[in-house]
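Worksheet for the structure shown next.
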Amino acid sequence: MKRKLAAGNWKMNGTNANLIELQTLLAAHPDPQVDILICPPATLIVPATRLSADSPLMIGAQDCHSASSGAHTGDISAPMLADAGAAAVILGHSERRQDHGESSTTVAAKAAAAHAANLTAVICLGESLTEREAAQTLDVIADQLRHSLPESVTAANTVIAYEPIWAIGTGLTPSTAQIAEVHDFIRARLCDCIGPEAAQAVRLLYGGSVKPANAAEIFAIPNVDGALVGGASLTARDFSPIITALENAR
Ligand code: PGA
């Protein structure tokens, strides 16, 4: 039985003072029935992993370089993240694709590096509003999926997050039918890439304006195995009810 996953992406938010949120979260969920992953900024990975040692809370990163070391000022490699205690890394987030011009091919190279370092790759896909309105969503997702997945993908080392760009940080969410359509599509495409058994076992997250108020409805959608949460993961007050909603789903 696959464990569902509540993942939090702190983006460029948080200093040491915010680690209290993780303590509060752990106190509220000492024995969670789902996996919980928090991806703080790189500066907090070490203190966050220390704080969550011997607890069910996993800590991840928000990006890595595709090389293991070298002359890449400002970048961090997958082995370095593993050494810092990270268990996972978010890759191909739309903010990285937009702000840093990351292509799906780059994302695949980073995911291969993450896998080689024994990190779980949380690979993000999603269409823009223009693409959605032009009825190109499934074509965009198919293209991103085809090029963002390295050959090393397994159900154990990869999580896919569907995050429509227009829903991120906007308070807008797709309808349940729209989420279901894309998640069913991703599952079917994964079948073609890695076979039916592995495809069933891969966790598919929805991301984009997930809040305590809409979490239960989203988690009731077939083929939604959890969420990648931005703004609402920054405080235990908001993230804790999302975790509970996931525990109670189906
Ligand atoms: P949001 O961000 O929950 O703040 O919309 C989601 C994400 O970017 O992962």
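Ordering of the structure tokens sets the chain letters (A, B, ...), residue numbers begin anew at 1 in every chain, and ligands are numbered from 1 in the order given.
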Residues of chain A within 8 Å of ligand 1: nearest atom pair and distance (Å, one decimal) for each, counting only C-alpha atoms and all ligand atoms, sorted by chain and number, as CSV?
residue,atom,partner,partner_atom_place_in_ligand_line,distance
A:Gly8,CA,ligand 1,9 (O),7.4
A:Asn9,CA,ligand 1,9 (O),5.7
A:Lys11,CA,ligand 1,8 (O),7.8
A:His93,CA,ligand 1,8 (O),7.0
A:Ser94,CA,ligand 1,8 (O),7.5
A:Glu95,CA,ligand 1,8 (O),7.5
A:Glu163,CA,ligand 1,7 (C),6.9
A:Ala167,CA,ligand 1,5 (O),6.0
A:Ile168,CA,ligand 1,5 (O),3.5
A:Gly169,CA,ligand 1,5 (O),3.5
A:Thr170,CA,ligand 1,5 (O),6.3
A:Gly171,CA,ligand 1,5 (O),6.9
A:Gly207,CA,ligand 1,6 (C),5.1
A:Gly208,CA,ligand 1,5 (O),3.7
A:Ser209,CA,ligand 1,5 (O),3.5
A:Val210,CA,ligand 1,3 (O),5.2
A:Lys211,CA,ligand 1,3 (O),7.3
A:Leu228,CA,ligand 1,9 (O),5.1
A:Val229,CA,ligand 1,3 (O),4.1
A:Gly230,CA,ligand 1,3 (O),3.5
A:Gly231,CA,ligand 1,4 (O),3.8
A:Ala232,CA,ligand 1,3 (O),6.0
A:Ser233,CA,ligand 1,3 (O),7.5
Let me see the file: selected residues, C-alpha atoms, as a PDB file, in the first residue's frame.
ATOM      1  CA  GLY A   8       5.733  21.533   1.914  1.00  0.00           C
ATOM      2  CA  ASN A   9       7.782  23.915  -0.226  1.00  0.00           C
ATOM      3  CA  LYS A  11      10.478  28.544  -1.285  1.00  0.00           C
ATOM      4  CA  HIS A  93       9.279  23.741 -10.125  1.00  0.00           C
ATOM      5  CA  SER A  94       7.646  26.281 -12.444  1.00  0.00           C
ATOM      6  CA  GLU A  95       9.426  29.097 -10.607  1.00  0.00           C
ATOM      7  CA  GLU A 163       1.089  22.187 -10.429  1.00  0.00           C
ATOM      8  CA  ALA A 167      -2.929  28.081  -9.489  1.00  0.00           C
ATOM      9  CA  ILE A 168       0.378  28.661  -7.682  1.00  0.00           C
ATOM     10  CA  GLY A 169       0.119  31.336  -5.025  1.00  0.00           C
ATOM     11  CA  THR A 170      -3.004  32.788  -6.633  1.00  0.00           C
ATOM     12  CA  GLY A 171      -5.788  31.288  -4.550  1.00  0.00           C
ATOM     13  CA  GLY A 207       0.013  21.552  -6.019  1.00  0.00           C
ATOM     14  CA  GLY A 208      -1.306  25.094  -6.339  1.00  0.00           C
ATOM     15  CA  SER A 209      -3.212  26.984  -3.641  1.00  0.00           C
ATOM     16  CA  VAL A 210      -3.855  23.922  -1.467  1.00  0.00           C
ATOM     17  CA  LYS A 211      -5.301  25.199   1.817  1.00  0.00           C
ATOM     18  CA  LEU A 228       2.839  19.905  -2.744  1.00  0.00           C
ATOM     19  CA  VAL A 229       1.994  22.947  -0.672  1.00  0.00           C
ATOM     20  CA  GLY A 230       3.651  26.367  -0.794  1.00  0.00           C
ATOM     21  CA  GLY A 231       2.174  29.181   1.267  1.00  0.00           C
ATOM     22  CA  ALA A 232       0.099  26.966   3.550  1.00  0.00           C
ATOM     23  CA  SER A 233       3.162  24.883   4.504  1.00  0.00           C
TER      24      SER A 233
END
(message) Need to verify the contact set: Ala113 (chain A), 7 Å, only C-alpha atoms, exclusion of same-chain residues closer than 6 positions in sequence. Can you return it as JSON, numbers by chain?
(response) {"A": [66, 67, 78]}
Could you take the residues named above and write them with N, CA and C atoms, as a PDB file, in the first residue's frame?
ATOM      1  N   SER A  66      23.003  19.310 -11.686  1.00  0.00           N
ATOM      2  CA  SER A  66      23.087  17.966 -12.264  1.00  0.00           C
ATOM      3  C   SER A  66      24.477  17.333 -12.096  1.00  0.00           C
ATOM      4  N   ALA A  67      25.488  18.177 -11.854  1.00  0.00           N
ATOM      5  CA  ALA A  67      26.839  17.630 -11.631  1.00  0.00           C
ATOM      6  C   ALA A  67      27.041  17.373 -10.141  1.00  0.00           C
ATOM      7  N   ALA A  78      23.522  17.246  -5.675  1.00  0.00           N
ATOM      8  CA  ALA A  78      22.699  16.248  -4.999  1.00  0.00           C
ATOM      9  C   ALA A  78      23.461  15.517  -3.881  1.00  0.00           C
TER      10      ALA A  78
END
(request) With a distance cut-off of 10 Å and only C-alpha atoms, select the neighbouring residues of Asp139 (chain A), excluding the residue or stretch itself and same-chain residues fewer than 6 positions from it, and output the selection as a ChimeraX atom specification. (result) /A:127,131,145
Resulting file, chosen residues, N, CA, C and O atoms, as a PDB file, in the first residue's frame:
ATOM      1  N   GLU A 127       0.886  23.474 -16.592  1.00  0.00           N
ATOM      2  CA  GLU A 127       0.653  24.348 -17.735  1.00  0.00           C
ATOM      3  C   GLU A 127       0.409  25.786 -17.278  1.00  0.00           C
ATOM      4  O   GLU A 127      -0.011  26.026 -16.149  1.00  0.00           O
ATOM      5  N   GLU A 131      -1.781  28.324 -21.906  1.00  0.00           N
ATOM      6  CA  GLU A 131      -1.840  26.952 -22.444  1.00  0.00           C
ATOM      7  C   GLU A 131      -3.161  26.281 -22.071  1.00  0.00           C
ATOM      8  O   GLU A 131      -3.774  25.591 -22.891  1.00  0.00           O
ATOM      9  N   LEU A 145       6.517  15.596 -19.257  1.00  0.00           N
ATOM     10  CA  LEU A 145       6.724  14.261 -18.686  1.00  0.00           C
ATOM     11  C   LEU A 145       7.756  13.489 -19.509  1.00  0.00           C
ATOM     12  O   LEU A 145       8.679  12.873 -18.968  1.00  0.00           O
TER      13      LEU A 145
END
(request) Extract the full set of alpha helix (DSSP H) residues from region 53-163 of chain A according to DSSP on the backbone, and format it as a PyMOL selection string. (result) chain A and resi 78-84+94-99+104-116+129-133+137-148
Prev. selection, N, CA and C atoms, output as a short mmCIF file (atom, residue, chain, number, x, y, z; two decimals), in the first residue's frame:
data_model
loop_
_atom_site.label_atom_id
_atom_site.label_comp_id
_atom_site.auth_asym_id
_atom_site.auth_seq_id
_atom_site.Cartn_x
_atom_site.Cartn_y
_atom_site.Cartn_z
N ALA A 78 23.52 17.25 -5.68
CA ALA A 78 22.70 16.25 -5.00
C ALA A 78 23.46 15.52 -3.88
N PRO A 79 24.73 15.10 -4.11
CA PRO A 79 25.45 14.46 -3.00
C PRO A 79 25.62 15.39 -1.79
N MET A 80 25.77 16.70 -2.06
CA MET A 80 25.87 17.66 -0.94
C MET A 80 24.57 17.71 -0.15
N LEU A 81 23.45 17.67 -0.85
CA LEU A 81 22.15 17.69 -0.17
C LEU A 81 21.98 16.43 0.66
N ALA A 82 22.37 15.30 0.09
CA ALA A 82 22.26 14.04 0.83
C ALA A 82 23.15 14.11 2.07
N ASP A 83 24.35 14.67 1.90
CA ASP A 83 25.29 14.80 3.02
C ASP A 83 24.73 15.71 4.11
N ALA A 84 23.94 16.71 3.70
CA ALA A 84 23.33 17.64 4.67
C ALA A 84 22.14 17.00 5.38
N SER A 94 7.88 25.29 -11.38
CA SER A 94 7.65 26.28 -12.44
C SER A 94 8.40 27.58 -12.18
N GLU A 95 8.66 27.88 -10.90
CA GLU A 95 9.43 29.10 -10.61
C GLU A 95 10.87 28.93 -11.06
N ARG A 96 11.41 27.73 -11.00
CA ARG A 96 12.77 27.47 -11.52
C ARG A 96 12.74 27.46 -13.04
N ARG A 97 11.70 26.83 -13.60
CA ARG A 97 11.61 26.79 -15.06
C ARG A 97 11.52 28.21 -15.60
N GLN A 98 10.75 29.09 -14.90
CA GLN A 98 10.58 30.48 -15.37
C GLN A 98 11.76 31.37 -15.00
N ASP A 99 12.12 31.40 -13.71
CA ASP A 99 13.16 32.34 -13.25
C ASP A 99 14.54 31.97 -13.76
N SER A 104 13.01 20.95 -19.55
CA SER A 104 12.72 19.60 -19.06
C SER A 104 13.95 18.71 -19.15
N THR A 105 14.79 18.93 -20.16
CA THR A 105 16.01 18.13 -20.30
C THR A 105 16.95 18.38 -19.11
N THR A 106 17.02 19.65 -18.68
CA THR A 106 17.82 19.98 -17.49
C THR A 106 17.23 19.29 -16.27
N VAL A 107 15.91 19.32 -16.18
CA VAL A 107 15.24 18.70 -15.03
C VAL A 107 15.55 17.21 -14.98
N ALA A 108 15.54 16.55 -16.14
CA ALA A 108 15.84 15.12 -16.18
C ALA A 108 17.27 14.85 -15.71
N ALA A 109 18.21 15.72 -16.12
CA ALA A 109 19.61 15.53 -15.70
C ALA A 109 19.74 15.71 -14.19
N LYS A 110 19.01 16.69 -13.65
CA LYS A 110 19.03 16.90 -12.20
C LYS A 110 18.40 15.71 -11.48
N ALA A 111 17.32 15.19 -12.04
CA ALA A 111 16.64 14.05 -11.40
C ALA A 111 17.56 12.82 -11.40
N ALA A 112 18.30 12.62 -12.48
CA ALA A 112 19.24 11.50 -12.52
C ALA A 112 20.30 11.67 -11.44
N ALA A 113 20.76 12.91 -11.26
CA ALA A 113 21.76 13.19 -10.21
C ALA A 113 21.16 12.94 -8.83
N ALA A 114 19.91 13.33 -8.65
CA ALA A 114 19.25 13.11 -7.36
C ALA A 114 19.15 11.61 -7.08
N HIS A 115 18.74 10.85 -8.06
CA HIS A 115 18.61 9.40 -7.88
C HIS A 115 19.95 8.77 -7.54
N ALA A 116 20.99 9.23 -8.23
CA ALA A 116 22.32 8.67 -7.98
C ALA A 116 22.78 8.95 -6.55
N LEU A 129 -1.62 29.56 -17.82
CA LEU A 129 -3.03 29.89 -18.08
C LEU A 129 -3.29 29.96 -19.59
N THR A 130 -2.33 30.53 -20.31
CA THR A 130 -2.50 30.63 -21.77
C THR A 130 -2.63 29.24 -22.38
N GLU A 131 -1.78 28.32 -21.91
CA GLU A 131 -1.84 26.95 -22.44
C GLU A 131 -3.16 26.28 -22.07
N ARG A 132 -3.60 26.50 -20.83
CA ARG A 132 -4.89 25.92 -20.40
C ARG A 132 -6.01 26.45 -21.28
N GLU A 133 -6.00 27.77 -21.50
CA GLU A 133 -7.10 28.37 -22.27
C GLU A 133 -7.06 27.97 -23.75
N THR A 137 -3.33 21.80 -22.37
CA THR A 137 -2.82 21.28 -21.10
C THR A 137 -2.21 19.88 -21.23
N LEU A 138 -2.95 18.96 -21.81
CA LEU A 138 -2.45 17.58 -21.84
C LEU A 138 -1.22 17.43 -22.75
N ASP A 139 -1.17 18.24 -23.80
CA ASP A 139 0.02 18.20 -24.67
C ASP A 139 1.25 18.71 -23.91
N VAL A 140 1.04 19.80 -23.15
CA VAL A 140 2.16 20.37 -22.37
C VAL A 140 2.64 19.36 -21.33
N ILE A 141 1.68 18.76 -20.64
CA ILE A 141 2.04 17.78 -19.60
C ILE A 141 2.77 16.58 -20.22
N ALA A 142 2.27 16.12 -21.34
CA ALA A 142 2.89 14.96 -22.01
C ALA A 142 4.33 15.29 -22.39
N ASP A 143 4.52 16.50 -22.91
CA ASP A 143 5.86 16.90 -23.34
C ASP A 143 6.81 17.03 -22.14
N GLN A 144 6.32 17.67 -21.07
CA GLN A 144 7.16 17.83 -19.88
C GLN A 144 7.50 16.47 -19.28
N LEU A 145 6.52 15.60 -19.26
CA LEU A 145 6.72 14.26 -18.69
C LEU A 145 7.76 13.49 -19.51
N ARG A 146 7.60 13.55 -20.82
CA ARG A 146 8.49 12.80 -21.71
C ARG A 146 9.94 13.23 -21.51
N HIS A 147 10.16 14.54 -21.32
CA HIS A 147 11.54 15.03 -21.28
C HIS A 147 12.10 15.24 -19.88
N SER A 148 11.25 15.23 -18.85
CA SER A 148 11.74 15.53 -17.49
C SER A 148 12.12 14.28 -16.70
#
(request) Write out as a ChimeraX atom specification all residues of region 34-72 of chain A that backbone DSSP assigns to strand (DSSP E or B). (result) /A:35-39,57-61,65
Take the residues just selected and output them with all heavy atoms as a PDB file, in the first residue's frame.
ATOM      1  N   ASP A  35       3.265  10.218   4.772  1.00  0.00           N
ATOM      2  CA  ASP A  35       4.622  10.768   4.803  1.00  0.00           C
ATOM      3  C   ASP A  35       4.538  12.288   4.814  1.00  0.00           C
ATOM      4  O   ASP A  35       3.675  12.873   4.157  1.00  0.00           O
ATOM      5  CB  ASP A  35       5.415  10.307   3.579  1.00  0.00           C
ATOM      6  CG  ASP A  35       5.831   8.840   3.684  1.00  0.00           C
ATOM      7  OD1 ASP A  35       5.770   8.286   4.803  1.00  0.00           O
ATOM      8  OD2 ASP A  35       6.213   8.263   2.650  1.00  0.00           O
ATOM      9  N   ILE A  36       5.433  12.910   5.554  1.00  0.00           N
ATOM     10  CA  ILE A  36       5.487  14.376   5.614  1.00  0.00           C
ATOM     11  C   ILE A  36       6.898  14.819   5.216  1.00  0.00           C
ATOM     12  O   ILE A  36       7.890  14.335   5.769  1.00  0.00           O
ATOM     13  CB  ILE A  36       5.170  14.911   7.030  1.00  0.00           C
ATOM     14  CG1 ILE A  36       3.837  14.345   7.539  1.00  0.00           C
ATOM     15  CG2 ILE A  36       5.131  16.438   7.031  1.00  0.00           C
ATOM     16  CD1 ILE A  36       3.510  14.744   8.971  1.00  0.00           C
ATOM     17  N   LEU A  37       6.954  15.717   4.245  1.00  0.00           N
ATOM     18  CA  LEU A  37       8.234  16.229   3.754  1.00  0.00           C
ATOM     19  C   LEU A  37       8.174  17.751   3.782  1.00  0.00           C
ATOM     20  O   LEU A  37       7.215  18.341   3.282  1.00  0.00           O
ATOM     21  CB  LEU A  37       8.442  15.753   2.308  1.00  0.00           C
ATOM     22  CG  LEU A  37       9.608  16.359   1.525  1.00  0.00           C
ATOM     23  CD1 LEU A  37      10.946  15.859   2.068  1.00  0.00           C
ATOM     24  CD2 LEU A  37       9.489  16.020   0.029  1.00  0.00           C
ATOM     25  N   ILE A  38       9.184  18.367   4.377  1.00  0.00           N
ATOM     26  CA  ILE A  38       9.285  19.827   4.317  1.00  0.00           C
ATOM     27  C   ILE A  38      10.571  20.181   3.573  1.00  0.00           C
ATOM     28  O   ILE A  38      11.639  19.663   3.898  1.00  0.00           O
ATOM     29  CB  ILE A  38       9.302  20.463   5.733  1.00  0.00           C
ATOM     30  CG1 ILE A  38       7.961  20.266   6.442  1.00  0.00           C
ATOM     31  CG2 ILE A  38       9.675  21.948   5.663  1.00  0.00           C
ATOM     32  CD1 ILE A  38       6.859  21.216   6.009  1.00  0.00           C
ATOM     33  N   CYS A  39      10.450  21.070   2.593  1.00  0.00           N
ATOM     34  CA  CYS A  39      11.612  21.531   1.834  1.00  0.00           C
ATOM     35  C   CYS A  39      11.856  22.995   2.159  1.00  0.00           C
ATOM     36  O   CYS A  39      11.277  23.895   1.534  1.00  0.00           O
ATOM     37  CB  CYS A  39      11.372  21.333   0.340  1.00  0.00           C
ATOM     38  SG  CYS A  39      11.038  19.611  -0.092  1.00  0.00           S
ATOM     39  N   LEU A  57       9.284  13.152  10.304  1.00  0.00           N
ATOM     40  CA  LEU A  57       9.361  14.290   9.383  1.00  0.00           C
ATOM     41  C   LEU A  57      10.606  14.185   8.503  1.00  0.00           C
ATOM     42  O   LEU A  57      11.722  14.059   9.005  1.00  0.00           O
ATOM     43  CB  LEU A  57       9.390  15.592  10.197  1.00  0.00           C
ATOM     44  CG  LEU A  57       9.591  16.887   9.424  1.00  0.00           C
ATOM     45  CD1 LEU A  57       8.434  17.133   8.471  1.00  0.00           C
ATOM     46  CD2 LEU A  57       9.732  18.064  10.400  1.00  0.00           C
ATOM     47  N   MET A  58      10.402  14.220   7.187  1.00  0.00           N
ATOM     48  CA  MET A  58      11.532  14.203   6.251  1.00  0.00           C
ATOM     49  C   MET A  58      11.810  15.619   5.762  1.00  0.00           C
ATOM     50  O   MET A  58      10.894  16.423   5.609  1.00  0.00           O
ATOM     51  CB  MET A  58      11.220  13.316   5.056  1.00  0.00           C
ATOM     52  CG  MET A  58      11.144  11.851   5.409  1.00  0.00           C
ATOM     53  SD  MET A  58      10.742  10.837   3.965  1.00  0.00           S
ATOM     54  CE  MET A  58       9.053  11.323   3.684  1.00  0.00           C
ATOM     55  N   ILE A  59      13.087  15.884   5.505  1.00  0.00           N
ATOM     56  CA  ILE A  59      13.502  17.202   5.038  1.00  0.00           C
ATOM     57  C   ILE A  59      14.048  17.071   3.615  1.00  0.00           C
ATOM     58  O   ILE A  59      14.774  16.126   3.310  1.00  0.00           O
ATOM     59  CB  ILE A  59      14.585  17.789   5.981  1.00  0.00           C
ATOM     60  CG1 ILE A  59      14.053  17.894   7.421  1.00  0.00           C
ATOM     61  CG2 ILE A  59      15.092  19.145   5.479  1.00  0.00           C
ATOM     62  CD1 ILE A  59      12.819  18.777   7.597  1.00  0.00           C
ATOM     63  N   GLY A  60      13.677  18.015   2.783  1.00  0.00           N
ATOM     64  CA  GLY A  60      14.145  17.981   1.399  1.00  0.00           C
ATOM     65  C   GLY A  60      14.658  19.342   0.953  1.00  0.00           C
ATOM     66  O   GLY A  60      14.578  20.329   1.690  1.00  0.00           O
ATOM     67  N   ALA A  61      15.163  19.381  -0.273  1.00  0.00           N
ATOM     68  CA  ALA A  61      15.683  20.619  -0.856  1.00  0.00           C
ATOM     69  C   ALA A  61      14.768  21.057  -1.998  1.00  0.00           C
ATOM     70  O   ALA A  61      13.824  20.359  -2.350  1.00  0.00           O
ATOM     71  CB  ALA A  61      17.101  20.375  -1.366  1.00  0.00           C
ATOM     72  N   HIS A  65      22.012  20.821  -8.546  1.00  0.00           N
ATOM     73  CA  HIS A  65      22.710  20.856  -9.839  1.00  0.00           C
ATOM     74  C   HIS A  65      22.786  19.431 -10.384  1.00  0.00           C
ATOM     75  O   HIS A  65      22.656  18.475  -9.623  1.00  0.00           O
ATOM     76  CB  HIS A  65      24.121  21.442  -9.639  1.00  0.00           C
ATOM     77  CG  HIS A  65      24.759  21.896 -10.920  1.00  0.00           C
ATOM     78  ND1 HIS A  65      25.412  21.032 -11.773  1.00  0.00           N
ATOM     79  CD2 HIS A  65      24.823  23.123 -11.497  1.00  0.00           C
ATOM     80  CE1 HIS A  65      25.862  21.719 -12.823  1.00  0.00           C
ATOM     81  NE2 HIS A  65      25.516  22.982 -12.677  1.00  0.00           N
TER      82      HIS A  65
END
